Amino acid sequence: MQAQLPGAQPLPSDVTRHGDADAVLAGLDPEQRAVATALSGPVCVLAGAGTGKTRAITHRIAYGVRSGVMQPQRVLAVTFTARAAGEMRGRLRQLGAEGVQARTFHSAALRQLQYFWPRVVGGELPRLVERKIQLVAEAAARCRLRVERTELRDLTGEIEWAKVTQTVPEDYPAAVRKAGREAPRDPAEIRQVYKVYEELKRDRGVIDFEDVLLLAVGVLEDRAEVADQVRAQYQHFVVDEYQDVSPLQQRLLDLWLGPRSSLCVVGDASQTIYSFTGATPSYLLDFRLKHPDATVVKLVRDYRSTPQVVHLANGLLAQARGQAAQHRLELVSQREPGPDPVYTEYQDEPTEAEGTAKRIQALLSSGVRASEIAVLFRTNGQSAVYEQALADLGIAYQLKGAERFFERREVGNAVTLLRGAARGSSDPMLDQAPEGLAGQVRAVLSTEGFSVQPPAGGGAVRERWESLAALVRLAEEFEAGQRAAGLPAGLAAYVAELGARAAAQHAPVVEGVTLASLHSAKGLEWDAVFLVGLTEGMLPITYAKTDEQIEEERRLLYVGVTRARAWLTLSWALSRSPGGRASRRPSRFLDGLRPGSSTPGRGVGGGSRSTGAGAGSAVGGRSRAKAPLKCRVCDRVLTEAVERKLRRCESCPSHMDEGLYERLRDWRGGQAKAQSLPAYCVFTDATLVAIAEDAPGSVAELAGIAGVGRAKLDKYGSAVLSLCRGESPADSDPGESDDIPDDWDEHGVPENSLEK
């Protein structure tokens with residue numbers, strides 16, 4: 001009797017024991033039913049976002065098992081994340097298809113290697129290195145290359161790309177040129193690091209994740225008996241997210257399948273956004289060429305998003321070009337109508353962040369859960385201003401796939417260097433720096449690799465540059481503000497400013513608004529999505545040069561749009577900072593979609609025009625800038641979030657009531673503990689300082705303080721006013737703050753608020 005592979009169960013004597021197979025088909029729409037009943041030959045499912053592809057393929061497997069066409073232990077379903085594989089296994093169990101293997105490519109290949117290795121090679125499989133970055137660092141050092149730690153991720157990514165595209169070290173430079181790929185370093189240097197990295201692994205008897213696939217391919221190609229046993233064990237294959245398959249994964253799939261044709265693939269070329277990792281939609285797009293007899297089913301009924309969101313998604317793809325665009329799917333929403341997408345133009349980035357936070361606050365007040373709201377941006381470097389804006393309103397958030405700004409390694413290193421330079425009495429580097437604070441900061445950061453011009457490519461090198469560039473821009477703004485106020489703008493004062501900003505940041509909590517890059521949002525969905533920073537140079541990103549790179553950026557926006565179930569807001573800022581030149585323009589991808597724009601020969605309208613919280617009214621398709629907020633002490637224009645909250649420069653004298661501030665802090669601590677919340681969710685430190693400085697005596701005065709929104713006024717107003725009067729909150733009348741002023745706008749902000 002032939003041995004079975006790991007994970008296999010004894011075959012049941014009655015594979016239809018779960019009852020009538022047709023019961024599995026109940027509740028499927030006609031196209032999903034067509035997928036579920038296509039049990040023979042190659043099958044290609046072109047599934048748009050939100051169309052129930054996982055439902056269709058799991059019901060197909062279950063129907064095949066119940067009808068006796070498939071034996072569960074003979075089915076291998078492959079997807080790209082452990083989360084998706086786990087979800088698929090759970091659904092299959094509920095449908096009575098226990099025993100089906102649902103795994104990632106790497107997981108399936110690793111289990112097979114562990115099973116066959118002792119027999120075909122001898123001994124145990126070499127140890128798997130889960131984090132290869134340390135070995136890459138050692139390889140670079142042996143090549144006598146100075147590599148910043150943040151560059152190691154890019155080098156590691158290049159090695160991974162080379163391996164999944166089956167490129168050996170000697171061929172790497174030529175492969176990069178042929179692919180039109182922007183290498184993070186000289187390709188000859190990367191070739192050498194790649195070569196030494198492979199030598200280090202061999203010397204130490206370890207393998208990496210890409211080796212798992214390569215070794216599995218090697219064993220199956222070299223040992224016919226192993227290939228025969230795998231093919232005897234697994235006779236039916238399903239591959240999800242087929243547009244993300246790499247050449248190496250396709251080669252392994254072909255070896256698993258052999259001469260048979262029982263293969264079902266599912267994908268959407270319009271969601272191909274990982275080409276930089278070696279993924280290619282060509283296998284999906286060319287599936288019918290390779291399998292002329294394939295059954296092709298298109299899933300276009302969108303059960304996730306409202307007709308308004310779907311209309312925008314379709315309009316976005318209608319402007320696409322290239323091979324993937326030729327196979328785009330026109331989605332049809334199956335949901336009831338919802339709100340129109342909102343297009344919001346802001347004068348500057350801080351205003352965009354504040355407006356977004358206020359809209360989120362309004363959604364929360366209406367009953368939408370924080371975990372059902374997401375703010376999506378192109379690069380992780382954009383997160384800091386949204387972290388601050390949400391924290392200012394006491395809105396909990398969580399970061400996905402990104403570090404908080406002041407916790408990033410390059411930022412921490414830079415602050416340490418700046419602090420050391422500020423303490424040094426005579427630093428030759430500073431002596432040679434251009435005059436002014438910004439010049440000194442650039443000189444210090446140059447030792448960390450900062451240059452005036454950004455790097456050509458993307459990835460960690462670009463993100464690291466963006467972080468350092470943000471520190472330089474902040475120095476420019478700080479210097480301008482200090483000089484306008486007649487105050488010194490030295491390096492020591494700037495370092496103190498950085499310390500205050502870092503202290504104002506707060507750790508995210510799990511139940512909160514999601515902040516994520518568009519790439520990390522793939523496969524997720526929320527009730528409300530805010531797509532922010534949609535300007536030329538950010539989306540498409542500046543280093544997207546070729547037509548295909550531009551089209552991948554368009555697909556990235558498409559993925560972002562289709563994450564939204566009901567509420568969708570798209571926004572951009574005309575300048576980076578308050579008072580800056582309005583030189584930016586909205587992303588070209590919005591042309592013909594947003595009100596007031598047009599595309600030649602096309603009129604894809606829809607959506608509503610909004611200027612967002614604090615942006616002013618729309619005039620001729622452009623928003624008016626709001627009146628600048630000035631320091632109440634020195635009359636300088638305030639640009640920083642903390643200063644705007646305090647309504648004064650941080651360096652200007654404060655008339656804060658220290659006793660009141662301490663009472664407020666103690667009270668806040670008790671509230672946070674009682675509600676199991678971070679303290680900033682009650683009030684931020686800056687808001688407490690503002691209250692202690694103003695000592696408001698009425699609801700209207702308290703409402704005029706930035707950071708005290710309607711919800712917080714309802715909840716905490718009575719207690720705060722009692723503390724301001726020197727009373728205990730318990731001694732006050734709980735009804736004192738129940739009478740909310742009538743002049744509140746739709747965002748829950750008083751009309752006379754200085755934050756308006």
# chains A, B, ... in the order shown; residues from 1 in each chain; ligands from 1
$ residues_around --residues "His59 of chain A" --least-positions-apart "2" --cutoff "10 Å" --atoms "only C-alpha atoms" --output "short mmCIF file (atom, residue, chain, number, x, y, z; two decimals) with all heavy atoms, in the first residue's frame"
data_model
loop_
_atom_site.label_atom_id
_atom_site.label_comp_id
_atom_site.auth_asym_id
_atom_site.auth_seq_id
_atom_site.Cartn_x
_atom_site.Cartn_y
_atom_site.Cartn_z
N VAL A 24 -25.04 21.99 -1.04
CA VAL A 24 -23.90 22.90 -1.02
C VAL A 24 -24.12 24.08 -1.96
O VAL A 24 -23.59 25.18 -1.74
CB VAL A 24 -22.61 22.15 -1.40
CG1 VAL A 24 -21.43 23.09 -1.53
CG2 VAL A 24 -22.31 21.08 -0.37
N LEU A 25 -24.93 23.88 -2.98
CA LEU A 25 -25.13 24.92 -3.99
C LEU A 25 -26.16 25.96 -3.58
O LEU A 25 -26.28 26.99 -4.23
CB LEU A 25 -25.56 24.28 -5.31
CG LEU A 25 -24.62 23.20 -5.88
CD1 LEU A 25 -25.19 22.63 -7.17
CD2 LEU A 25 -23.23 23.75 -6.10
N ALA A 26 -26.88 25.68 -2.51
CA ALA A 26 -27.91 26.61 -2.07
C ALA A 26 -27.28 27.96 -1.69
O ALA A 26 -26.26 28.01 -1.00
CB ALA A 26 -28.68 26.03 -0.89
N LEU A 28 -25.88 30.17 -3.64
CA LEU A 28 -24.88 30.68 -4.58
C LEU A 28 -25.57 31.41 -5.73
O LEU A 28 -26.66 31.01 -6.18
CB LEU A 28 -24.04 29.54 -5.15
CG LEU A 28 -23.22 28.71 -4.16
CD1 LEU A 28 -22.41 27.66 -4.91
CD2 LEU A 28 -22.29 29.59 -3.33
N GLN A 32 -21.33 31.93 -9.29
CA GLN A 32 -20.70 31.12 -8.24
C GLN A 32 -21.09 29.65 -8.38
O GLN A 32 -20.26 28.75 -8.17
CB GLN A 32 -21.10 31.64 -6.86
CG GLN A 32 -20.54 33.02 -6.52
CD GLN A 32 -21.12 33.58 -5.24
OE1 GLN A 32 -22.17 33.14 -4.77
NE2 GLN A 32 -20.46 34.59 -4.68
N ARG A 33 -22.33 29.41 -8.75
CA ARG A 33 -22.80 28.03 -8.96
C ARG A 33 -22.06 27.40 -10.14
O ARG A 33 -21.70 26.21 -10.10
CB ARG A 33 -24.31 28.05 -9.21
CG ARG A 33 -24.93 26.66 -9.28
CD ARG A 33 -26.41 26.75 -9.62
NE ARG A 33 -27.04 25.45 -9.65
CZ ARG A 33 -27.73 24.91 -8.66
NH1 ARG A 33 -27.88 25.59 -7.53
NH2 ARG A 33 -28.26 23.70 -8.77
N VAL A 35 -19.03 28.04 -11.01
CA VAL A 35 -17.70 27.68 -10.50
C VAL A 35 -17.79 26.38 -9.71
O VAL A 35 -16.98 25.45 -9.88
CB VAL A 35 -17.13 28.80 -9.62
CG1 VAL A 35 -15.83 28.35 -8.95
CG2 VAL A 35 -16.88 30.07 -10.42
N ALA A 36 -18.78 26.30 -8.82
CA ALA A 36 -18.90 25.15 -7.93
C ALA A 36 -19.16 23.85 -8.68
O ALA A 36 -18.74 22.78 -8.23
CB ALA A 36 -20.01 25.40 -6.91
N THR A 37 -19.83 23.92 -9.81
CA THR A 37 -20.19 22.70 -10.54
C THR A 37 -19.21 22.36 -11.65
O THR A 37 -19.37 21.34 -12.32
CB THR A 37 -21.60 22.84 -11.12
OG1 THR A 37 -21.68 24.02 -11.94
CG2 THR A 37 -22.64 22.92 -10.01
N LYS A 53 -15.25 35.24 -4.11
CA LYS A 53 -14.44 34.20 -4.73
C LYS A 53 -14.12 33.06 -3.77
O LYS A 53 -14.13 31.89 -4.16
CB LYS A 53 -13.15 34.78 -5.30
CG LYS A 53 -12.18 35.35 -4.27
CD LYS A 53 -10.96 35.94 -4.95
CE LYS A 53 -10.00 36.56 -3.94
NZ LYS A 53 -9.43 35.57 -3.01
N THR A 54 -13.84 33.40 -2.51
CA THR A 54 -13.54 32.35 -1.54
C THR A 54 -14.76 31.47 -1.33
O THR A 54 -14.65 30.23 -1.22
CB THR A 54 -13.08 32.96 -0.21
OG1 THR A 54 -11.97 33.82 -0.43
CG2 THR A 54 -12.68 31.87 0.78
N ARG A 55 -15.93 32.08 -1.28
CA ARG A 55 -17.18 31.31 -1.17
C ARG A 55 -17.33 30.36 -2.35
O ARG A 55 -17.68 29.19 -2.19
CB ARG A 55 -18.36 32.28 -1.09
CG ARG A 55 -19.73 31.62 -1.04
CD ARG A 55 -20.81 32.70 -0.97
NE ARG A 55 -22.15 32.13 -1.04
CZ ARG A 55 -22.80 31.62 -0.02
NH1 ARG A 55 -22.24 31.60 1.17
NH2 ARG A 55 -24.02 31.12 -0.17
N ALA A 56 -17.05 30.86 -3.56
CA ALA A 56 -17.22 30.05 -4.75
C ALA A 56 -16.28 28.85 -4.77
O ALA A 56 -16.71 27.72 -5.05
CB ALA A 56 -17.02 30.91 -6.00
N ILE A 57 -15.01 29.06 -4.46
CA ILE A 57 -14.07 27.95 -4.59
C ILE A 57 -14.19 26.95 -3.43
O ILE A 57 -13.98 25.75 -3.63
CB ILE A 57 -12.62 28.45 -4.73
CG1 ILE A 57 -12.20 29.32 -3.53
CG2 ILE A 57 -12.44 29.19 -6.02
CD1 ILE A 57 -10.76 29.79 -3.61
N ILE A 61 -15.06 22.94 -3.92
CA ILE A 61 -14.37 21.79 -3.31
C ILE A 61 -15.38 20.93 -2.55
O ILE A 61 -15.38 19.69 -2.68
CB ILE A 61 -13.25 22.27 -2.38
CG1 ILE A 61 -12.15 22.99 -3.19
CG2 ILE A 61 -12.66 21.11 -1.60
CD1 ILE A 61 -11.12 23.69 -2.33
N ALA A 62 -16.24 21.58 -1.76
CA ALA A 62 -17.22 20.82 -0.97
C ALA A 62 -18.18 20.06 -1.87
O ALA A 62 -18.55 18.91 -1.58
CB ALA A 62 -17.98 21.77 -0.05
N TYR A 63 -18.61 20.68 -2.97
CA TYR A 63 -19.52 20.00 -3.89
C TYR A 63 -18.82 18.80 -4.53
O TYR A 63 -19.42 17.72 -4.70
CB TYR A 63 -20.00 20.98 -4.96
CG TYR A 63 -20.97 20.39 -5.94
CD1 TYR A 63 -22.27 20.07 -5.55
CD2 TYR A 63 -20.60 20.14 -7.26
CE1 TYR A 63 -23.18 19.53 -6.46
CE2 TYR A 63 -21.48 19.59 -8.17
CZ TYR A 63 -22.77 19.29 -7.76
OH TYR A 63 -23.66 18.73 -8.65
N GLY A 64 -17.54 19.00 -4.89
CA GLY A 64 -16.80 17.88 -5.47
C GLY A 64 -16.65 16.73 -4.50
O GLY A 64 -16.73 15.55 -4.89
N VAL A 65 -16.43 17.05 -3.22
CA VAL A 65 -16.28 16.01 -2.20
C VAL A 65 -17.61 15.29 -1.97
O VAL A 65 -17.69 14.06 -1.95
CB VAL A 65 -15.75 16.61 -0.89
CG1 VAL A 65 -15.84 15.61 0.25
CG2 VAL A 65 -14.31 17.08 -1.06
N ARG A 91 -13.89 27.31 6.51
CA ARG A 91 -15.09 27.24 5.67
C ARG A 91 -15.32 25.82 5.17
O ARG A 91 -16.46 25.35 5.08
CB ARG A 91 -14.98 28.21 4.50
CG ARG A 91 -14.99 29.67 4.89
CD ARG A 91 -15.27 30.54 3.68
NE ARG A 91 -15.11 31.95 3.96
CZ ARG A 91 -15.52 32.91 3.13
NH1 ARG A 91 -16.10 32.59 1.98
NH2 ARG A 91 -15.34 34.18 3.43
N LEU A 92 -14.24 25.15 4.79
CA LEU A 92 -14.37 23.78 4.29
C LEU A 92 -14.89 22.84 5.37
O LEU A 92 -15.70 21.95 5.10
CB LEU A 92 -13.03 23.29 3.75
CG LEU A 92 -12.58 23.94 2.43
CD1 LEU A 92 -11.14 23.56 2.11
CD2 LEU A 92 -13.50 23.53 1.29
N LEU A 95 -18.52 23.18 5.66
CA LEU A 95 -19.23 22.61 4.51
C LEU A 95 -19.10 21.09 4.45
O LEU A 95 -19.56 20.47 3.49
CB LEU A 95 -18.69 23.22 3.22
CG LEU A 95 -18.98 24.71 3.01
CD1 LEU A 95 -18.20 25.26 1.83
CD2 LEU A 95 -20.48 24.93 2.80
N ALA A 97 -16.22 19.28 4.37
CA ALA A 97 -15.12 18.83 3.51
C ALA A 97 -13.84 18.74 4.32
O ALA A 97 -12.79 19.26 3.93
CB ALA A 97 -14.95 19.77 2.33
#
$ closest_atom_pairs --of "segment 269-308 of chain A" --to "segment 254-265 of chain A" --cutoff "10 Å" --atoms "only C-alpha atoms" --output "Markdown table"
| residue | atom | partner | partner_atom | distance |
| --- | --- | --- | --- | --- |
| A:Tyr283 | CA | A:Val265 | CA | 9.8 |
| A:Leu284 | CA | A:Val265 | CA | 7.8 |
| A:Phe287 | CA | A:Val265 | CA | 8.9 |
| A:His291 | CA | A:Ser261 | CA | 8.5 |
| A:Asp293 | CA | A:Ser261 | CA | 9.8 |
| A:Ala294 | CA | A:Ser261 | CA | 9.1 |
| A:Thr295 | CA | A:Cys264 | CA | 9.2 |
| A:Val296 | CA | A:Cys264 | CA | 9.8 |
$ select_by_dssp --residues "segment 531-603 of chain A" --states "strand (DSSP E)" --output "list in words"
Leu531, Ala564, Arg565, Ala566, Trp567, Leu568, Thr569, Leu570, Ser571, Trp572, Ala573, Leu574 and Ser575 of chain A
$ residues_around --residues "Ser577 of chain A" --least-positions-apart "2" --cutoff "9 Å" --atoms "only C-alpha atoms" --output "PyMOL selection string"
chain A and resi 347-351+477+575+579-581+639
$ closest_atom_pairs --of "segment 357-444 of chain A" --to "segment 711-717 of chain A" --cutoff "10 Å" --atoms "only C-alpha atoms" --output "CSV"
residue,atom,partner,partner_atom,distance
A:Gln361,CA,A:Ala711,CA,8.9
A:Ala362,CA,A:Ala711,CA,9.6
A:Leu364,CA,A:Ala711,CA,9.7
A:Ser365,CA,A:Ala711,CA,7.3
A:Leu393,CA,A:Lys712,CA,9.2
A:Gly394,CA,A:Lys712,CA,9.0
$ write_last_selection --atoms "C-alpha atoms" --output "compact mmCIF listing (two decimals), in the first residue's frame"
# COMPACT_ATOMS: atom_id res chain seq x y z
CA GLN A 361 -15.01 61.49 14.81
CA ALA A 362 -18.39 62.14 13.17
CA LEU A 364 -17.76 57.26 15.45
CA SER A 365 -20.47 59.48 16.92
CA LEU A 393 -9.16 64.11 19.14
CA GLY A 394 -8.64 61.18 21.51
$ residues_around --residues "segment 492-495 of chain A" --least-positions-apart "5" --cutoff "7 Å" --atoms "only C-alpha atoms" --output "PyMOL selection string"
chain A and resi 418-419+422+475
